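Trainee: Input file: query13.cif. Contents: mmCIF, C-alpha atoms, pLDDT in the B column; chains and numbers go by the auth columns.
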```cif
data_final
loop_
_atom_site.group_PDB
_atom_site.id
_atom_site.type_symbol
_atom_site.label_atom_id
_atom_site.label_comp_id
_atom_site.label_asym_id
_atom_site.label_seq_id
_atom_site.Cartn_x
_atom_site.Cartn_y
_atom_site.Cartn_z
_atom_site.B_iso_or_equiv
_atom_site.auth_seq_id
_atom_site.auth_asym_id
ATOM 1 C CA MET A 1 -18.171 -78.825 54.016 82.00 1 N
ATOM 2 C CA LEU A 2 -17.514 -79.020 50.249 95.00 2 N
ATOM 3 C CA ASN A 3 -20.033 -81.000 48.216 96.00 3 N
ATOM 4 C CA ASP A 4 -18.941 -83.166 45.280 97.00 4 N
ATOM 5 C CA LYS A 5 -19.769 -80.530 42.624 97.00 5 N
ATOM 6 C CA VAL A 6 -17.747 -77.851 44.422 98.00 6 N
ATOM 7 C CA ARG A 7 -14.829 -80.254 44.939 97.00 7 N
ATOM 8 C CA ALA A 8 -14.855 -81.143 41.227 98.00 8 N
ATOM 9 C CA PHE A 9 -14.874 -77.417 40.337 98.00 9 N
ATOM 10 C CA LEU A 10 -11.902 -76.723 42.639 98.00 10 N
ATOM 11 C CA GLU A 11 -9.980 -79.733 41.323 98.00 11 N
ATOM 12 C CA GLU A 12 -10.065 -78.307 37.795 97.00 12 N
ATOM 13 C CA LYS A 13 -7.117 -76.145 36.755 97.00 13 N
ATOM 14 C CA ARG A 14 -8.225 -72.680 37.877 98.00 14 N
ATOM 15 C CA PHE A 15 -6.627 -69.750 39.643 98.00 15 N
ATOM 16 C CA ALA A 16 -7.506 -68.499 43.107 98.00 16 N
ATOM 17 C CA VAL A 17 -7.448 -64.891 44.202 98.00 17 N
ATOM 18 C CA LEU A 18 -5.950 -64.901 47.702 98.00 18 N
ATOM 19 C CA ALA A 19 -6.787 -62.044 50.054 98.00 19 N
ATOM 20 C CA THR A 20 -4.631 -61.340 53.109 97.00 20 N
ATOM 21 C CA ILE A 21 -4.866 -58.490 55.598 97.00 21 N
ATOM 22 C CA LYS A 22 -2.239 -55.749 55.497 97.00 22 N
ATOM 23 C CA ARG A 23 -0.927 -54.024 58.633 96.00 23 N
ATOM 24 C CA ASP A 24 -3.345 -51.120 58.128 97.00 24 N
ATOM 25 C CA GLY A 25 -6.316 -53.525 57.894 96.00 25 N
ATOM 26 C CA SER A 26 -6.834 -53.175 54.155 97.00 26 N
ATOM 27 C CA PRO A 27 -6.877 -56.240 51.874 97.00 27 N
ATOM 28 C CA GLN A 28 -3.978 -57.355 49.709 97.00 28 N
ATOM 29 C CA GLN A 29 -4.880 -59.680 46.831 98.00 29 N
ATOM 30 C CA THR A 30 -2.754 -62.031 44.759 97.00 30 N
ATOM 31 C CA VAL A 31 -3.586 -64.491 41.981 98.00 31 N
ATOM 32 C CA MET A 32 -2.363 -67.905 43.112 98.00 32 N
ATOM 33 C CA TRP A 33 -1.841 -71.470 42.028 98.00 33 N
ATOM 34 C CA TYR A 34 -3.529 -73.816 44.482 98.00 34 N
ATOM 35 C CA GLU A 35 -4.402 -77.449 45.055 98.00 35 N
ATOM 36 C CA LEU A 36 -7.316 -78.861 47.014 98.00 36 N
ATOM 37 C CA GLN A 37 -5.881 -81.409 49.461 97.00 37 N
ATOM 38 C CA GLY A 38 -8.704 -83.081 51.362 96.00 38 N
ATOM 39 C CA ASP A 39 -10.194 -80.367 53.550 96.00 39 N
ATOM 40 C CA GLN A 40 -7.385 -77.859 53.011 98.00 40 N
ATOM 41 C CA ILE A 41 -6.157 -75.635 50.206 98.00 41 N
ATOM 42 C CA MET A 42 -2.407 -75.815 49.552 98.00 42 N
ATOM 43 C CA MET A 43 -0.616 -72.788 48.095 98.00 43 N
ATOM 44 C CA ASN A 44 3.044 -71.784 47.974 97.00 44 N
ATOM 45 C CA THR A 45 4.977 -68.534 47.851 96.00 45 N
ATOM 46 C CA ALA A 46 8.511 -67.213 47.954 94.00 46 N
ATOM 47 C CA GLU A 47 9.736 -65.845 51.271 92.00 47 N
ATOM 48 C CA GLY A 48 9.761 -62.046 51.380 90.00 48 N
ATOM 49 C CA ARG A 49 6.542 -61.427 49.476 93.00 49 N
ATOM 50 C CA ALA A 50 3.854 -59.191 50.993 93.00 50 N
ATOM 51 C CA LYS A 51 1.422 -62.042 51.594 93.00 51 N
ATOM 52 C CA ALA A 52 4.017 -63.892 53.689 90.00 52 N
ATOM 53 C CA TYR A 53 4.374 -60.865 55.983 91.00 53 N
ATOM 54 C CA ASN A 54 0.619 -60.440 56.126 95.00 54 N
ATOM 55 C CA PHE A 55 -0.347 -63.963 57.150 90.00 55 N
ATOM 56 C CA ARG A 56 2.433 -64.212 59.706 93.00 56 N
ATOM 57 C CA ARG A 57 0.856 -61.230 61.452 95.00 57 N
ATOM 58 C CA ASP A 58 -2.774 -62.280 60.839 96.00 58 N
ATOM 59 C CA ALA A 59 -3.446 -65.835 59.697 97.00 59 N
ATOM 60 C CA ARG A 60 -6.968 -65.051 58.434 97.00 60 N
ATOM 61 C CA VAL A 61 -7.239 -65.333 54.653 98.00 61 N
ATOM 62 C CA SER A 62 -9.789 -65.903 51.932 98.00 62 N
ATOM 63 C CA ILE A 63 -9.730 -67.114 48.361 98.00 63 N
ATOM 64 C CA CYS A 64 -12.164 -66.819 45.495 98.00 64 N
ATOM 65 C CA VAL A 65 -12.119 -69.216 42.542 98.00 65 N
ATOM 66 C CA GLU A 66 -14.427 -68.259 39.685 98.00 66 N
ATOM 67 C CA ASP A 67 -15.716 -69.242 36.283 97.00 67 N
ATOM 68 C CA GLU A 68 -17.787 -66.293 35.123 94.00 68 N
ATOM 69 C CA TYR A 69 -20.831 -66.305 37.429 94.00 69 N
ATOM 70 C CA ARG A 70 -19.986 -69.587 39.154 97.00 70 N
ATOM 71 C CA PHE A 71 -17.654 -69.132 42.071 98.00 71 N
ATOM 72 C CA VAL A 72 -16.436 -70.583 45.331 98.00 72 N
ATOM 73 C CA ALA A 73 -15.310 -68.199 48.066 98.00 73 N
ATOM 74 C CA ILE A 74 -13.542 -69.807 51.026 98.00 74 N
ATOM 75 C CA SER A 75 -12.320 -68.203 54.216 98.00 75 N
ATOM 76 C CA GLY A 76 -10.081 -69.755 56.825 98.00 76 N
ATOM 77 C CA THR A 77 -6.672 -69.504 58.391 98.00 77 N
ATOM 78 C CA VAL A 78 -3.227 -70.356 57.073 97.00 78 N
ATOM 79 C CA GLU A 79 -0.733 -72.705 58.674 96.00 79 N
ATOM 80 C CA LEU A 80 2.806 -72.352 57.354 94.00 80 N
ATOM 81 C CA ASN A 81 5.333 -75.030 56.523 95.00 81 N
ATOM 82 C CA GLU A 82 8.722 -73.335 56.158 93.00 82 N
ATOM 83 C CA ASP A 83 10.722 -76.505 55.451 95.00 83 N
ATOM 84 C CA ARG A 84 12.804 -75.664 52.369 94.00 84 N
ATOM 85 C CA GLU A 85 12.621 -79.125 50.769 95.00 85 N
ATOM 86 C CA GLN A 86 8.867 -79.417 51.338 97.00 86 N
ATOM 87 C CA GLY A 87 8.340 -75.924 49.931 96.00 87 N
ATOM 88 C CA LEU A 88 10.270 -76.764 46.779 96.00 88 N
ATOM 89 C CA ALA A 89 8.407 -80.070 46.387 97.00 89 N
ATOM 90 C CA ASP A 90 5.071 -78.281 46.785 97.00 90 N
ATOM 91 C CA ILE A 91 5.816 -75.523 44.254 97.00 91 N
ATOM 92 C CA MET A 92 6.939 -78.189 41.777 97.00 92 N
ATOM 93 C CA ARG A 93 3.702 -80.122 42.415 97.00 93 N
ATOM 94 C CA LEU A 94 1.756 -76.938 41.633 98.00 94 N
ATOM 95 C CA ALA A 95 3.887 -76.247 38.529 97.00 95 N
ATOM 96 C CA VAL A 96 3.055 -79.733 37.213 97.00 96 N
ATOM 97 C CA ARG A 97 -0.660 -79.136 37.929 98.00 97 N
ATOM 98 C CA TYR A 98 -0.660 -75.860 35.994 98.00 98 N
ATOM 99 C CA HIS A 99 1.944 -76.466 33.259 97.00 99 N
ATOM 100 C CA GLY A 100 2.592 -80.192 32.977 96.00 100 N
ATOM 101 C CA PRO A 101 5.737 -82.149 33.910 95.00 101 N
ATOM 102 C CA GLU A 102 8.040 -81.005 31.098 94.00 102 N
ATOM 103 C CA LYS A 103 7.464 -77.272 31.548 94.00 103 N
ATOM 104 C CA ALA A 104 7.533 -77.672 35.353 94.00 104 N
ATOM 105 C CA GLU A 105 10.957 -79.293 35.160 92.00 105 N
ATOM 106 C CA SER A 106 12.275 -76.306 33.220 92.00 106 N
ATOM 107 C CA MET A 107 10.989 -74.036 36.031 93.00 107 N
ATOM 108 C CA HIS A 108 12.800 -75.990 38.784 92.00 108 N
ATOM 109 C CA ALA A 109 16.048 -73.997 38.701 89.00 109 N
ATOM 110 C CA GLY A 110 14.207 -70.712 39.209 91.00 110 N
ATOM 111 C CA PHE A 111 12.167 -72.072 42.120 92.00 111 N
ATOM 112 C CA ALA A 112 15.263 -73.650 43.712 89.00 112 N
ATOM 113 C CA LYS A 113 16.825 -70.176 44.124 91.00 113 N
ATOM 114 C CA ASP A 114 13.974 -69.073 46.420 91.00 114 N
ATOM 115 C CA GLN A 115 13.134 -69.972 49.988 93.00 115 N
ATOM 116 C CA ARG A 116 9.670 -71.419 49.380 95.00 116 N
ATOM 117 C CA VAL A 117 6.916 -71.373 52.003 96.00 117 N
ATOM 118 C CA THR A 118 3.913 -73.680 51.805 97.00 118 N
ATOM 119 C CA MET A 119 0.572 -72.378 53.035 97.00 119 N
ATOM 120 C CA LEU A 120 -2.112 -74.813 54.147 98.00 120 N
ATOM 121 C CA MET A 121 -5.440 -73.034 54.363 98.00 121 N
ATOM 122 C CA SER A 122 -8.274 -74.364 56.488 98.00 122 N
ATOM 123 C CA ILE A 123 -11.772 -74.348 54.993 98.00 123 N
ATOM 124 C CA ASP A 124 -13.817 -72.650 57.704 98.00 124 N
ATOM 125 C CA ASN A 125 -16.532 -70.960 55.657 98.00 125 N
ATOM 126 C CA VAL A 126 -17.685 -71.538 52.073 98.00 126 N
ATOM 127 C CA VAL A 127 -19.937 -69.401 49.880 98.00 127 N
ATOM 128 C CA THR A 128 -20.861 -70.683 46.423 98.00 128 N
ATOM 129 C CA ASN A 129 -22.881 -69.467 43.478 97.00 129 N
ATOM 130 C CA GLY A 130 -24.086 -71.431 40.463 96.00 130 N
ATOM 131 C CA PHE A 131 -23.859 -74.952 41.909 95.00 131 N
#
```
The structure in this file should be written as C-alpha cells.
Mentor:
Amino acid sequence: MLNDKVRAFLEEKRFAVLATIKRDGSPQQTVMWYELQGDQIMMNTAEGRAKAYNFRRDARVSICVEDEYRFVAISGTVELNEDREQGLADIMRLAVRYHGPEKAESMHAGFAKDQRVTMLMSIDNVVTNGF
C-alpha cells in the first residue's frame, strides 16, 4: 500500500500528528514519535493519557506526517500491547530514533516510572500529496 518514495519519507525522522476520537465524537490530536514497522506504524504512550482512553473505546485513528506541502495521511485501527517491558523497550527505541543513543539513555529513568503502552496502527487507507 505504501510505495518506496512514501516509505522513505516515513522512515525519515519526522513527527506524526495522531488523531483519536473523543467520547463526544470530536477529534483529539497529539504530536507523536512513530516508527514505520513493515505495514504498521508503531507509537507509544504513557497509560492515563487521553489518547489511551480514546482508542480503547474506539480503535479508529489517523496520522498525518508532513513536510510543508508534501504529506502522508494514514487511517487505520490501533492494536494495543500493554506489556510493561515491551512498552519500555519500544519507547526507548523511539527515543533513540529521535534523539540518539546517548540522550535516549538519559531519558530511560523518566520512562521507567510510567506504565508504557505500545500502539500498533494498521495502514488501511493512505492519502499522499507531493510524491
Trainee: Which of these residues is nearest to N:Gly48, using all atoms listed in the file: N:Gln115, N:Thr20, N:Gln29, N:Asn125?
Mentor: N:Gln115
Trainee: Can you work out the spacing between atom CA of N:Tyr69 and atom CA of N:Lys5 in Å, to one decimal?
Mentor: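 If I compute the distance from atom CA of N:Tyr69 to atom CA of N:Lys5, I get 15.2 Å.
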Trainee: For N:Ala73, please output as a list in words all residues within 7 Å (counting only C-alpha atoms; exclusion window: fewer than 3 positions along the same chain).
Mentor: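 Here the qualifying residues turn out to be Ile63, Cys64, Val65, Val126, Val127 and Thr128 of chain N.
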Trainee: What's the separation between atom CA of N:Val78 and atom CA of N:Ala109, in Å to one decimal place?
Mentor: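 Between atom CA of N:Val78 and atom CA of N:Ala109 the gap is 26.9 Å.
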Trainee: For the structure shown, which residues end up in the PyMOL selection byres ((chain N and resi 82) around 10)? Put them as a list in words, please?
Mentor: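 So the PyMOL selection byres ((chain N and resi 82) around 10), applied here, picks out Glu47, Glu79, Leu80, Asn81, Asp83, Arg84, Glu85, Gln86, Gly87, Gln115, Arg116, Val117, Thr118 and Met119 of chain N.
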Trainee: Using all atoms listed in the file, tabulate the residues of stretch 80-115 of chain N lying at most 9 Å from any atom of stretch 40-43 of chain N, each with its closest atom pair and that distance in Å to one decimal, by chain and increasing residue number, as JSON lines.
Mentor:
```
{"residue": "N:Asp90", "atom": "CA", "partner": "N:Met43", "partner_atom": "CA", "distance": 8.0}
{"residue": "N:Ile91", "atom": "CA", "partner": "N:Met43", "partner_atom": "CA", "distance": 8.0}
{"residue": "N:Leu94", "atom": "CA", "partner": "N:Met43", "partner_atom": "CA", "distance": 8.0}
```
Trainee: I'd like the interatomic distance between atom CA of N:Lys51 and atom CA of N:Gln28, to a tenth of an Å.
Mentor: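 So the answer is 7.4 Å.
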Trainee: Centre and edge lengths, as AutoDock Vina command-line options, for the axis-aligned box enclosing every listed atom of stretch 2-9 of chain N with 4 Å of padding on each of the six sides, in Å to one decimal?
Mentor:
```
--center_x -17.4 --center_y -80.3 --center_z 45.3 --size_x 13.2 --size_y 13.7 --size_z 17.9
```
Trainee: I'd like to see the residues matched by the PyMOL selection byres ((chain N and resi 35) around 12) on this file, and ideally I'd get them as a PyMOL selection string.
Mentor: chain N and resi 7-16+32-34+36-44+65+90-98+118-121
Trainee: Applying 10 Å and only C-alpha atoms, which residues near N:Arg70 remain after dropping the ones on its own chain fewer than 2 positions away? List them as a PyMOL selection string.
Mentor: chain N and resi 9+65-68+72+128-131
